[in-house]
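Data first, discussion second: the structure below is written as structure tokens.
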Amino acid sequence: MRFHFPIFAFPPEAEALRAEVRAFVADELAAGRWKKGGDFASSYDPAFSRRLGARGWLGMTWPKRYGGHERSMLERLVVTEELLAASAPVAAHWIGDRQSGPLLLRYGSEAQRAEFLPRLARGEVFFSIGMSEPDSGSDLASVRTRATKVDGGWTISGRKVWTTFAHRNHYAIVLARTGDAGAQRHAGLSQYIVDLKSPQVKARPILNMAGQEEFNEVVFDDAFVPDDRLVGEPGNGWTQVTSELAFERSGPERYLSSIRLVEAALACAKSKPTPRVREALGRMSAKLMALRTMSLAVAAQLQNGEAPNLEASLIKDLGNAFEREQIAVFRALGSELPGRSDDYLSSLAQATLYSPSWTLRGGTREILRGIVARGLGLR
Amino acid sequence: MSLAPVLAADALVEEAASRAFSGLAEKWFAGRITREDLLAAVEQLGFADASPTSDGEGWLAAAAIIRAQARAAAPIDMALLLVTGERAAAIAYDPCAYACAAGARAPASPAALAALSLGRCLQIGAAMGAALELSIRYVQDRRQFGRALAQFQAIQHSLALAAEEVAAFSAITDLALACAAREGIASKRLPALLDAAALVAGQAVNVVYDMTHQVHGAIGFTQEYALHRHSLDLLRWRDHLHLARGGDIGCAERLGDAALEAGSAWRAVTASMTPGDSP
């Protein structure tokens, strides 16, 4: 086999944690603190993020000296799974907890870790990803945003797009060109922690197809960034960016985007399920088990210090196709759901309108299949 | 905290079995195989001694042997031998015939059904893997329009899709195997995992059958080339798996009922994947 997904079981302490998270979610819903809404990229609630921080459910795997909780990657997976399965508003802390924090832990300076990680773990500061540009989508190495060395730091000029919640978050980790691209095109890139509230940085929300303001165009107009905000080594940006990808592509956010629709349909059908509804729920469950088994394997491999980037890409492509399929299946079953609820109708509308973004964000379907093909030795 | 995988590979058994089975398959396709050759291979591998149906530990060795047999398309049906113990039945297997309902009796006991289903899943996964590997080698060698087929993006993506399905099916099969090895073949949790595996097999076989033949062109559709052995195997085993479990709609309805009973598809899925107590 070209790809390996070893079987791991959740340790008992992880299952105890699952019960704890479910009880917390039930309390939050009973108290009306939020309604089941969008997904990890659309449902933004800083107060909710702070409550998670207070419970120790942000920065879970990070060292205690940086405000983390030194729990396992699998325990973190339990928390993210349960929050996503409940369609909880996780967007504010999502990127920092999943990606920016681990990046700083791996490549950041001691001062950067001490400054940012405890605040991320408390749910007090929120990060965006500054990668895509108007002329650089899938071809990330072609970014033109430029960082120029000046006395005491760097000035950044250029434009980033699709920067989710840049108009509300505090910082973005920006990928910028600092030197020659070289023959492989991957040299000469560097990453910076940029203050999104700086006067030389302007975020303009771009209204999406569903009518929501989530992503942005961000313009950097000679924005000054002090030396101590450079992440890792200058010129090492490509290696650093690609190291984030296994975290970004294998998680449950890549196959749970339509779970709210499935659960809403199940709730409508519960009293009188037709054979077709039972069959659809069963087919969905079978695929979900397979995806979850793979996702768990990648989480355990990350825990053991491996970098299963190929496997992560494979999970994302399969997971996105699965998420999409559920929309078609459970829309067609609408006439077999007695008393179609508002929850069913609104989750169907939301999933339908957002689904084009699922197979784009975090690596398009075409890029992912190319990575899988490379893993097969075809390119 | 470091984590160890639940399933350890049985590399030595696998290697010995692979050698034994590839020899058998070559003889078979050269038309030089005897009944004695087949029986000798079963004896030599000590398959009967593994007795995985009564002893969970034996499943890892049995799985290695079953997979090796399926990868080599050797004419011994190790999954059927596992359940029936009838060596005569096992060597009646004709690797060039495809009959949808052939030998598709459902075993009498739930444990025997679980053992047969798991054996079929292991075979299907190995046969799909072999068909994929053959396809990868073929598109690297075959040239059209002045370049290897592997260099065409359409070909790359077709095989990527097939590889994804193989990976998903292998993962769910390994999950069921881990359950059997840990909790025994009579585990209460196992039937739901095998229903899930049967459903994932349904789609995976369709995609792999489609893509591997498509990239091979006409040569794959002949008995002169090896792909057909794996295709016939995986079609036959897929159908037998579904028939033995009461049809793929039956598998889906049972899993759907579990979701309805739990009041949540997510809760049913997490519950069915949570290990019970070891025996």
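Residue numbering restarts at 1 for every chain of the structure tokens, chains are lettered A, B, ... in their displayed order, and ligands are numbered from 1 as they appear.
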
Residues of chain A no more than 7 Å from chain B, counting only C-alpha atoms: send them over as a PDB file with C-alpha atoms, in the first residue's frame.
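Output below, filename iface38.pdb:
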```pdb
ATOM      1  CA  MET A   1       0.000   0.000   0.000  1.00  0.00           C
ATOM      2  CA  PHE A   3      -0.738   5.072   1.943  1.00  0.00           C
ATOM      3  CA  PHE A   5      -3.528   4.568   8.037  1.00  0.00           C
ATOM      4  CA  PRO A   6      -2.622   2.563  11.143  1.00  0.00           C
ATOM      5  CA  ILE A   7      -5.494   1.868  13.505  1.00  0.00           C
ATOM      6  CA  PHE A   8      -5.420   3.734  16.797  1.00  0.00           C
ATOM      7  CA  ALA A   9      -7.977   3.540  19.561  1.00  0.00           C
ATOM      8  CA  SER A  72      -2.568  14.452  23.522  1.00  0.00           C
ATOM      9  CA  ALA A  85     -20.594  17.808  15.368  1.00  0.00           C
ATOM     10  CA  GLU A 263     -28.822  15.370  12.139  1.00  0.00           C
ATOM     11  CA  LEU A 266     -32.738  12.465  11.319  1.00  0.00           C
ATOM     12  CA  LYS A 270     -37.233   9.851  13.901  1.00  0.00           C
ATOM     13  CA  ARG A 278     -32.867   4.535   7.046  1.00  0.00           C
ATOM     14  CA  GLU A 279     -30.740   3.482   4.091  1.00  0.00           C
ATOM     15  CA  LEU A 281     -28.451   7.368   7.201  1.00  0.00           C
ATOM     16  CA  GLY A 282     -26.703   4.000   7.103  1.00  0.00           C
ATOM     17  CA  ARG A 283     -24.691   4.754   3.974  1.00  0.00           C
ATOM     18  CA  SER A 285     -22.625   6.417   8.758  1.00  0.00           C
ATOM     19  CA  ALA A 286     -20.470   3.827   6.977  1.00  0.00           C
ATOM     20  CA  LYS A 287     -18.455   6.449   5.113  1.00  0.00           C
ATOM     21  CA  MET A 289     -16.650   5.653  10.071  1.00  0.00           C
ATOM     22  CA  ALA A 290     -14.048   5.153   7.348  1.00  0.00           C
ATOM     23  CA  LEU A 291     -13.149   8.857   7.220  1.00  0.00           C
ATOM     24  CA  THR A 293     -10.681   6.066  11.164  1.00  0.00           C
ATOM     25  CA  MET A 294      -8.290   7.730   8.714  1.00  0.00           C
ATOM     26  CA  ALA A 300      -1.921   9.862  16.061  1.00  0.00           C
ATOM     27  CA  GLN A 303       1.240  13.115  17.853  1.00  0.00           C
ATOM     28  CA  ASN A 304       4.214  10.843  17.191  1.00  0.00           C
ATOM     29  CA  LEU A 314      -6.299  12.166   0.642  1.00  0.00           C
ATOM     30  CA  LEU A 318     -12.570  12.111   0.205  1.00  0.00           C
ATOM     31  CA  ARG A 369      -5.527  14.811  -6.292  1.00  0.00           C
ATOM     32  CA  GLY A 370      -2.203  15.949  -7.717  1.00  0.00           C
ATOM     33  CA  VAL A 372      -2.174  11.933  -4.054  1.00  0.00           C
ATOM     34  CA  ALA A 373      -0.925  11.132  -7.572  1.00  0.00           C
ATOM     35  CA  LEU A 378       2.803   9.212 -11.017  1.00  0.00           C
ATOM     36  CA  ARG A 379       4.483  12.628 -10.977  1.00  0.00           C
TER      37      ARG A 379
END
```

List the spatial neighbours of Gln191 in chain A as an mmCIF file with C-alpha atoms, in the first residue's frame - criterion: any atom at most 6 Å away, only C-alpha atoms, same-chain residues fewer than 6 positions off excluded.
```cif
data_model
loop_
_atom_site.group_PDB
_atom_site.id
_atom_site.type_symbol
_atom_site.label_atom_id
_atom_site.label_comp_id
_atom_site.auth_asym_id
_atom_site.auth_seq_id
_atom_site.Cartn_x
_atom_site.Cartn_y
_atom_site.Cartn_z
ATOM 1 C CA VAL A 174 1.591 36.588 6.194
ATOM 2 C CA LEU A 175 3.630 34.785 3.558
ATOM 3 C CA VAL A 231 8.643 33.661 12.010
ATOM 4 C CA GLY A 237 8.664 30.232 4.361
#
```

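Closest approach to Ser43 in chain A among A:Tyr107, A:Trp57, A:Phe165, A:Trp154 is made by A:Phe165 (distances from only C-alpha atoms).
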
- Query: By how many Å are CA of Ala154 in chain B and CA of Ile367 in chain A apart?
  - Reply: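 Taking CA of Ala154 in chain B and CA of Ile367 in chain A, their separation equals 12.7 Å.
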
- Could you check how far CA of Lys36 in chain A sits from CA of Ser347 in chain A, in Å to one decimal?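 That distance, rounded to one decimal, is 9.2 Å.
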
For the alpha helix (DSSP H) assignment from backbone DSSP, which residues of range 25-129 of chain B qualify? Please present them as a PDB file with N, CA and C atoms, in the first residue's frame.
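Output file result-v9.pdb is given in full below:
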```
ATOM      1  N   ALA B  25       0.076 -19.241  -7.961  1.00  0.00           N
ATOM      2  CA  ALA B  25      -0.653 -18.506  -9.002  1.00  0.00           C
ATOM      3  C   ALA B  25       0.024 -18.682 -10.354  1.00  0.00           C
ATOM      4  N   GLU B  26       1.353 -18.658 -10.362  1.00  0.00           N
ATOM      5  CA  GLU B  26       2.074 -18.832 -11.627  1.00  0.00           C
ATOM      6  C   GLU B  26       1.781 -20.208 -12.230  1.00  0.00           C
ATOM      7  N   LYS B  27       1.859 -21.228 -11.370  1.00  0.00           N
ATOM      8  CA  LYS B  27       1.582 -22.588 -11.844  1.00  0.00           C
ATOM      9  C   LYS B  27       0.175 -22.692 -12.410  1.00  0.00           C
ATOM     10  N   TRP B  28      -0.756 -22.079 -11.681  1.00  0.00           N
ATOM     11  CA  TRP B  28      -2.165 -22.162 -12.097  1.00  0.00           C
ATOM     12  C   TRP B  28      -2.358 -21.563 -13.484  1.00  0.00           C
ATOM     13  N   PHE B  29      -1.792 -20.374 -13.674  1.00  0.00           N
ATOM     14  CA  PHE B  29      -2.017 -19.716 -14.955  1.00  0.00           C
ATOM     15  C   PHE B  29      -1.217 -20.347 -16.083  1.00  0.00           C
ATOM     16  N   ARG B  35      -3.964 -30.671  -7.485  1.00  0.00           N
ATOM     17  CA  ARG B  35      -4.660 -30.621  -6.209  1.00  0.00           C
ATOM     18  C   ARG B  35      -3.659 -30.729  -5.048  1.00  0.00           C
ATOM     19  N   GLU B  36      -2.617 -31.538  -5.252  1.00  0.00           N
ATOM     20  CA  GLU B  36      -1.611 -31.739  -4.210  1.00  0.00           C
ATOM     21  C   GLU B  36      -0.845 -30.441  -3.912  1.00  0.00           C
ATOM     22  N   ASP B  37      -0.564 -29.677  -4.981  1.00  0.00           N
ATOM     23  CA  ASP B  37       0.126 -28.392  -4.785  1.00  0.00           C
ATOM     24  C   ASP B  37      -0.672 -27.497  -3.837  1.00  0.00           C
ATOM     25  N   LEU B  38      -1.989 -27.454  -4.068  1.00  0.00           N
ATOM     26  CA  LEU B  38      -2.852 -26.580  -3.273  1.00  0.00           C
ATOM     27  C   LEU B  38      -2.905 -27.028  -1.819  1.00  0.00           C
ATOM     28  N   LEU B  39      -3.105 -28.324  -1.637  1.00  0.00           N
ATOM     29  CA  LEU B  39      -3.186 -28.852  -0.273  1.00  0.00           C
ATOM     30  C   LEU B  39      -1.865 -28.651   0.469  1.00  0.00           C
ATOM     31  N   ALA B  40      -0.762 -28.832  -0.273  1.00  0.00           N
ATOM     32  CA  ALA B  40       0.549 -28.676   0.356  1.00  0.00           C
ATOM     33  C   ALA B  40       0.749 -27.243   0.846  1.00  0.00           C
ATOM     34  N   ALA B  41       0.262 -26.277   0.050  1.00  0.00           N
ATOM     35  CA  ALA B  41       0.423 -24.873   0.441  1.00  0.00           C
ATOM     36  C   ALA B  41      -0.346 -24.577   1.723  1.00  0.00           C
ATOM     37  N   VAL B  42      -1.557 -25.113   1.826  1.00  0.00           N
ATOM     38  CA  VAL B  42      -2.365 -24.895   3.039  1.00  0.00           C
ATOM     39  C   VAL B  42      -1.649 -25.480   4.255  1.00  0.00           C
ATOM     40  N   GLU B  43      -1.127 -26.713   4.088  1.00  0.00           N
ATOM     41  CA  GLU B  43      -0.406 -27.367   5.186  1.00  0.00           C
ATOM     42  C   GLU B  43       0.811 -26.547   5.599  1.00  0.00           C
ATOM     43  N   GLN B  44       1.578 -26.171   4.579  1.00  0.00           N
ATOM     44  CA  GLN B  44       2.852 -25.516   4.818  1.00  0.00           C
ATOM     45  C   GLN B  44       2.688 -24.194   5.571  1.00  0.00           C
ATOM     46  N   LEU B  45       1.612 -23.476   5.274  1.00  0.00           N
ATOM     47  CA  LEU B  45       1.405 -22.182   5.925  1.00  0.00           C
ATOM     48  C   LEU B  45       0.849 -22.334   7.337  1.00  0.00           C
ATOM     49  N   PHE B  47      -2.118 -22.619   8.257  1.00  0.00           N
ATOM     50  CA  PHE B  47      -3.281 -21.736   8.382  1.00  0.00           C
ATOM     51  C   PHE B  47      -4.276 -22.260   9.408  1.00  0.00           C
ATOM     52  N   ALA B  48      -4.492 -23.579   9.372  1.00  0.00           N
ATOM     53  CA  ALA B  48      -5.482 -24.163  10.286  1.00  0.00           C
ATOM     54  C   ALA B  48      -5.084 -23.954  11.747  1.00  0.00           C
ATOM     55  N   ASP B  49      -3.756 -23.908  12.007  1.00  0.00           N
ATOM     56  CA  ASP B  49      -3.306 -23.751  13.394  1.00  0.00           C
ATOM     57  C   ASP B  49      -3.607 -22.376  13.970  1.00  0.00           C
ATOM     58  N   ALA B  50      -3.797 -21.413  13.090  1.00  0.00           N
ATOM     59  CA  ALA B  50      -4.030 -20.050  13.586  1.00  0.00           C
ATOM     60  C   ALA B  50      -5.370 -19.952  14.319  1.00  0.00           C
ATOM     61  N   GLY B  58      -5.043 -15.020  16.820  1.00  0.00           N
ATOM     62  CA  GLY B  58      -4.766 -15.659  15.541  1.00  0.00           C
ATOM     63  C   GLY B  58      -5.210 -14.834  14.340  1.00  0.00           C
ATOM     64  N   TRP B  59      -6.039 -13.823  14.573  1.00  0.00           N
ATOM     65  CA  TRP B  59      -6.551 -13.032  13.456  1.00  0.00           C
ATOM     66  C   TRP B  59      -5.461 -12.297  12.694  1.00  0.00           C
ATOM     67  N   LEU B  60      -4.420 -11.879  13.392  1.00  0.00           N
ATOM     68  CA  LEU B  60      -3.398 -11.096  12.700  1.00  0.00           C
ATOM     69  C   LEU B  60      -2.644 -11.971  11.710  1.00  0.00           C
ATOM     70  N   ALA B  61      -2.331 -13.195  12.137  1.00  0.00           N
ATOM     71  CA  ALA B  61      -1.650 -14.113  11.218  1.00  0.00           C
ATOM     72  C   ALA B  61      -2.587 -14.510  10.073  1.00  0.00           C
ATOM     73  N   ALA B  62      -3.830 -14.817  10.423  1.00  0.00           N
ATOM     74  CA  ALA B  62      -4.794 -15.208   9.391  1.00  0.00           C
ATOM     75  C   ALA B  62      -4.975 -14.078   8.373  1.00  0.00           C
ATOM     76  N   ALA B  63      -5.048 -12.841   8.877  1.00  0.00           N
ATOM     77  CA  ALA B  63      -5.246 -11.696   7.981  1.00  0.00           C
ATOM     78  C   ALA B  63      -4.075 -11.573   7.013  1.00  0.00           C
ATOM     79  N   ALA B  64      -2.862 -11.786   7.520  1.00  0.00           N
ATOM     80  CA  ALA B  64      -1.676 -11.687   6.655  1.00  0.00           C
ATOM     81  C   ALA B  64      -1.747 -12.735   5.552  1.00  0.00           C
ATOM     82  N   ILE B  65      -2.182 -13.946   5.897  1.00  0.00           N
ATOM     83  CA  ILE B  65      -2.248 -15.026   4.908  1.00  0.00           C
ATOM     84  C   ILE B  65      -3.364 -14.755   3.888  1.00  0.00           C
ATOM     85  N   ILE B  66      -4.517 -14.326   4.385  1.00  0.00           N
ATOM     86  CA  ILE B  66      -5.643 -14.062   3.481  1.00  0.00           C
ATOM     87  C   ILE B  66      -5.287 -12.949   2.497  1.00  0.00           C
ATOM     88  N   ARG B  67      -4.646 -11.910   3.008  1.00  0.00           N
ATOM     89  CA  ARG B  67      -4.261 -10.798   2.131  1.00  0.00           C
ATOM     90  C   ARG B  67      -3.244 -11.251   1.086  1.00  0.00           C
ATOM     91  N   ALA B  68      -2.291 -12.056   1.510  1.00  0.00           N
ATOM     92  CA  ALA B  68      -1.260 -12.508   0.572  1.00  0.00           C
ATOM     93  C   ALA B  68      -1.887 -13.338  -0.542  1.00  0.00           C
ATOM     94  N   GLN B  69      -2.838 -14.191  -0.170  1.00  0.00           N
ATOM     95  CA  GLN B  69      -3.512 -15.017  -1.175  1.00  0.00           C
ATOM     96  C   GLN B  69      -4.249 -14.144  -2.190  1.00  0.00           C
ATOM     97  N   ALA B  70      -4.957 -13.134  -1.672  1.00  0.00           N
ATOM     98  CA  ALA B  70      -5.756 -12.296  -2.571  1.00  0.00           C
ATOM     99  C   ALA B  70      -4.857 -11.439  -3.466  1.00  0.00           C
ATOM    100  N   ARG B  71      -3.752 -10.962  -2.910  1.00  0.00           N
ATOM    101  CA  ARG B  71      -2.837 -10.142  -3.721  1.00  0.00           C
ATOM    102  C   ARG B  71      -2.255 -10.940  -4.880  1.00  0.00           C
ATOM    103  N   ALA B  72      -1.967 -12.216  -4.596  1.00  0.00           N
ATOM    104  CA  ALA B  72      -1.358 -13.044  -5.636  1.00  0.00           C
ATOM    105  C   ALA B  72      -2.396 -13.637  -6.583  1.00  0.00           C
ATOM    106  N   MET B  78      -8.886 -18.570   0.849  1.00  0.00           N
ATOM    107  CA  MET B  78      -8.527 -18.689   2.261  1.00  0.00           C
ATOM    108  C   MET B  78      -9.659 -18.226   3.175  1.00  0.00           C
ATOM    109  N   ALA B  79     -10.467 -17.254   2.725  1.00  0.00           N
ATOM    110  CA  ALA B  79     -11.556 -16.771   3.580  1.00  0.00           C
ATOM    111  C   ALA B  79     -12.605 -17.865   3.796  1.00  0.00           C
ATOM    112  N   LEU B  80     -12.894 -18.596   2.730  1.00  0.00           N
ATOM    113  CA  LEU B  80     -13.891 -19.661   2.844  1.00  0.00           C
ATOM    114  C   LEU B  80     -13.331 -20.817   3.675  1.00  0.00           C
ATOM    115  N   LEU B  81     -12.056 -21.101   3.473  1.00  0.00           N
ATOM    116  CA  LEU B  81     -11.401 -22.163   4.240  1.00  0.00           C
ATOM    117  C   LEU B  81     -11.429 -21.841   5.732  1.00  0.00           C
ATOM    118  N   LEU B  82     -11.268 -20.574   6.024  1.00  0.00           N
ATOM    119  CA  LEU B  82     -11.272 -20.104   7.409  1.00  0.00           C
ATOM    120  C   LEU B  82     -12.563 -20.501   8.119  1.00  0.00           C
ATOM    121  N   VAL B  83     -13.686 -20.350   7.421  1.00  0.00           N
ATOM    122  CA  VAL B  83     -14.980 -20.560   8.058  1.00  0.00           C
ATOM    123  C   VAL B  83     -15.413 -22.021   7.986  1.00  0.00           C
ATOM    124  N   THR B  84     -15.252 -22.629   6.815  1.00  0.00           N
ATOM    125  CA  THR B  84     -15.786 -23.976   6.640  1.00  0.00           C
ATOM    126  C   THR B  84     -14.790 -25.042   7.072  1.00  0.00           C
ATOM    127  N   ARG B  87     -11.232 -28.234   3.060  1.00  0.00           N
ATOM    128  CA  ARG B  87     -10.173 -27.983   2.078  1.00  0.00           C
ATOM    129  C   ARG B  87     -10.648 -28.264   0.661  1.00  0.00           C
ATOM    130  N   ALA B  88     -11.540 -29.215   0.530  1.00  0.00           N
ATOM    131  CA  ALA B  88     -12.049 -29.524  -0.807  1.00  0.00           C
ATOM    132  C   ALA B  88     -12.787 -28.314  -1.378  1.00  0.00           C
ATOM    133  N   ALA B  89     -13.609 -27.658  -0.538  1.00  0.00           N
ATOM    134  CA  ALA B  89     -14.348 -26.479  -0.979  1.00  0.00           C
ATOM    135  C   ALA B  89     -13.371 -25.365  -1.354  1.00  0.00           C
ATOM    136  N   ALA B  90     -12.318 -25.279  -0.579  1.00  0.00           N
ATOM    137  CA  ALA B  90     -11.391 -24.184  -0.793  1.00  0.00           C
ATOM    138  C   ALA B  90     -10.663 -24.279  -2.126  1.00  0.00           C
ATOM    139  N   PRO B 110     -23.676 -16.281  13.868  1.00  0.00           N
ATOM    140  CA  PRO B 110     -23.196 -14.896  13.732  1.00  0.00           C
ATOM    141  C   PRO B 110     -21.669 -14.812  13.699  1.00  0.00           C
ATOM    142  N   ALA B 111     -21.006 -15.661  14.491  1.00  0.00           N
ATOM    143  CA  ALA B 111     -19.539 -15.608  14.514  1.00  0.00           C
ATOM    144  C   ALA B 111     -18.966 -16.058  13.168  1.00  0.00           C
ATOM    145  N   ALA B 112     -19.592 -17.095  12.580  1.00  0.00           N
ATOM    146  CA  ALA B 112     -19.102 -17.566  11.277  1.00  0.00           C
ATOM    147  C   ALA B 112     -19.360 -16.513  10.207  1.00  0.00           C
ATOM    148  N   LEU B 113     -20.506 -15.839  10.304  1.00  0.00           N
ATOM    149  CA  LEU B 113     -20.795 -14.759   9.349  1.00  0.00           C
ATOM    150  C   LEU B 113     -19.762 -13.632   9.501  1.00  0.00           C
ATOM    151  N   ALA B 114     -19.437 -13.318  10.740  1.00  0.00           N
ATOM    152  CA  ALA B 114     -18.445 -12.260  10.973  1.00  0.00           C
ATOM    153  C   ALA B 114     -17.089 -12.680  10.416  1.00  0.00           C
ATOM    154  N   ALA B 115     -16.703 -13.943  10.651  1.00  0.00           N
ATOM    155  CA  ALA B 115     -15.396 -14.417  10.170  1.00  0.00           C
ATOM    156  C   ALA B 115     -15.349 -14.397   8.648  1.00  0.00           C
ATOM    157  N   LEU B 116     -16.425 -14.865   8.018  1.00  0.00           N
ATOM    158  CA  LEU B 116     -16.445 -14.879   6.553  1.00  0.00           C
ATOM    159  C   LEU B 116     -16.420 -13.452   6.002  1.00  0.00           C
ATOM    160  N   SER B 117     -17.215 -12.554   6.617  1.00  0.00           N
ATOM    161  CA  SER B 117     -17.251 -11.164   6.150  1.00  0.00           C
ATOM    162  C   SER B 117     -15.880 -10.509   6.272  1.00  0.00           C
ATOM    163  N   LEU B 118     -15.249 -10.732   7.412  1.00  0.00           N
ATOM    164  CA  LEU B 118     -13.936 -10.124   7.620  1.00  0.00           C
ATOM    165  C   LEU B 118     -12.927 -10.693   6.621  1.00  0.00           C
ATOM    166  N   GLY B 119     -12.991 -12.003   6.404  1.00  0.00           N
ATOM    167  CA  GLY B 119     -12.105 -12.631   5.417  1.00  0.00           C
ATOM    168  C   GLY B 119     -12.326 -12.042   4.031  1.00  0.00           C
ATOM    169  N   ARG B 120     -13.589 -11.877   3.649  1.00  0.00           N
ATOM    170  CA  ARG B 120     -13.894 -11.287   2.335  1.00  0.00           C
ATOM    171  C   ARG B 120     -13.369  -9.852   2.247  1.00  0.00           C
ATOM    172  N   CYS B 121     -13.551  -9.085   3.311  1.00  0.00           N
ATOM    173  CA  CYS B 121     -13.059  -7.692   3.296  1.00  0.00           C
ATOM    174  C   CYS B 121     -11.542  -7.661   3.103  1.00  0.00           C
ATOM    175  N   LEU B 122     -10.840  -8.541   3.806  1.00  0.00           N
ATOM    176  CA  LEU B 122      -9.379  -8.587   3.662  1.00  0.00           C
ATOM    177  C   LEU B 122      -9.000  -8.933   2.225  1.00  0.00           C
ATOM    178  N   GLN B 123      -9.736  -9.890   1.647  1.00  0.00           N
ATOM    179  CA  GLN B 123      -9.458 -10.277   0.260  1.00  0.00           C
ATOM    180  C   GLN B 123      -9.737  -9.129  -0.707  1.00  0.00           C
ATOM    181  N   ILE B 124     -10.885  -8.479  -0.517  1.00  0.00           N
ATOM    182  CA  ILE B 124     -11.265  -7.387  -1.428  1.00  0.00           C
ATOM    183  C   ILE B 124     -10.228  -6.270  -1.369  1.00  0.00           C
ATOM    184  N   GLY B 125      -9.823  -5.914  -0.158  1.00  0.00           N
ATOM    185  CA  GLY B 125      -8.833  -4.838  -0.005  1.00  0.00           C
ATOM    186  C   GLY B 125      -7.531  -5.194  -0.702  1.00  0.00           C
ATOM    187  N   ALA B 126      -7.091  -6.445  -0.541  1.00  0.00           N
ATOM    188  CA  ALA B 126      -5.831  -6.856  -1.148  1.00  0.00           C
ATOM    189  C   ALA B 126      -5.949  -6.905  -2.669  1.00  0.00           C
ATOM    190  N   ALA B 127      -7.091  -7.373  -3.174  1.00  0.00           N
ATOM    191  CA  ALA B 127      -7.278  -7.447  -4.624  1.00  0.00           C
ATOM    192  C   ALA B 127      -7.344  -6.037  -5.232  1.00  0.00           C
ATOM    193  N   MET B 128      -7.995  -5.115  -4.524  1.00  0.00           N
ATOM    194  CA  MET B 128      -8.050  -3.734  -5.021  1.00  0.00           C
ATOM    195  C   MET B 128      -6.658  -3.125  -5.032  1.00  0.00           C
ATOM    196  N   GLY B 129      -5.900  -3.395  -3.966  1.00  0.00           N
ATOM    197  CA  GLY B 129      -4.526  -2.883  -3.903  1.00  0.00           C
ATOM    198  C   GLY B 129      -3.691  -3.430  -5.051  1.00  0.00           C
TER     199      GLY B 129
END
```

- Query: Near Arg122 in chain A, counting only C-alpha atoms, which residues have an atom at most 12 Å away, once you skip same-chain residues fewer than 4 positions from it, shown as a ChimeraX atom specification?
  - Reply: /A:46-60,66-69,93,96-97,116-118,126

- Item | Which of range 76-201 of chain B fall in strand (DSSP E or B), as a count of residues only | 4

- Task: Determine, counting only C-alpha atoms, which protein, DNA and RNA residues have an atom within 10 Å of an atom of Pro95 in chain B; residues of the same chain fewer than 5 positions away are not included. Present the result as a list in words.
- Result: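 The residues that qualify are Ala25, Trp28, Phe29, Ala73, Ala74, Pro75, Ile76, Asp77, His228, Arg229, His230, Leu232, Asp233 and Arg236 of chain B.
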
Could the residues in this selection be written to a file with C-alpha atoms, as an mmCIF file, in the first residue's frame?
```cif
data_model
loop_
_atom_site.group_PDB
_atom_site.id
_atom_site.type_symbol
_atom_site.label_atom_id
_atom_site.label_comp_id
_atom_site.auth_asym_id
_atom_site.auth_seq_id
_atom_site.Cartn_x
_atom_site.Cartn_y
_atom_site.Cartn_z
ATOM 1 C CA ALA B 25 -0.653 -18.506 -9.002
ATOM 2 C CA TRP B 28 -2.165 -22.162 -12.097
ATOM 3 C CA PHE B 29 -2.017 -19.716 -14.955
ATOM 4 C CA ALA B 73 -4.746 -14.117 -7.059
ATOM 5 C CA ALA B 74 -3.776 -17.632 -5.974
ATOM 6 C CA PRO B 75 -6.506 -20.244 -6.502
ATOM 7 C CA ILE B 76 -7.191 -21.012 -2.844
ATOM 8 C CA ASP B 77 -10.071 -19.232 -1.169
ATOM 9 C CA HIS B 228 -8.642 -9.588 -15.024
ATOM 10 C CA ARG B 229 -7.715 -11.971 -12.200
ATOM 11 C CA HIS B 230 -7.922 -9.192 -9.637
ATOM 12 C CA LEU B 232 -12.893 -11.071 -11.160
ATOM 13 C CA ASP B 233 -11.758 -11.694 -7.586
ATOM 14 C CA ARG B 236 -16.943 -12.071 -6.807
#
```

- Between CA of Val143 in chain A and CA of Arg159 in chain A, measure the distance and give it in Å to one decimal. 9.4 Å

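For range 127-141 of chain A, the set of protein, DNA and RNA residues having any atom at most 7 Å away, when counting only C-alpha atoms and skipping those fewer than 5 positions along the same chain, is Ile95, Gly96, Ser100, Arg159, Lys160, Val161, Trp162, Thr163, Thr164, Phe165, Ala166, Asn169, His170, Tyr171, Ala172, Ile173, Val174, Leu175, Arg185 and His186 of chain A.
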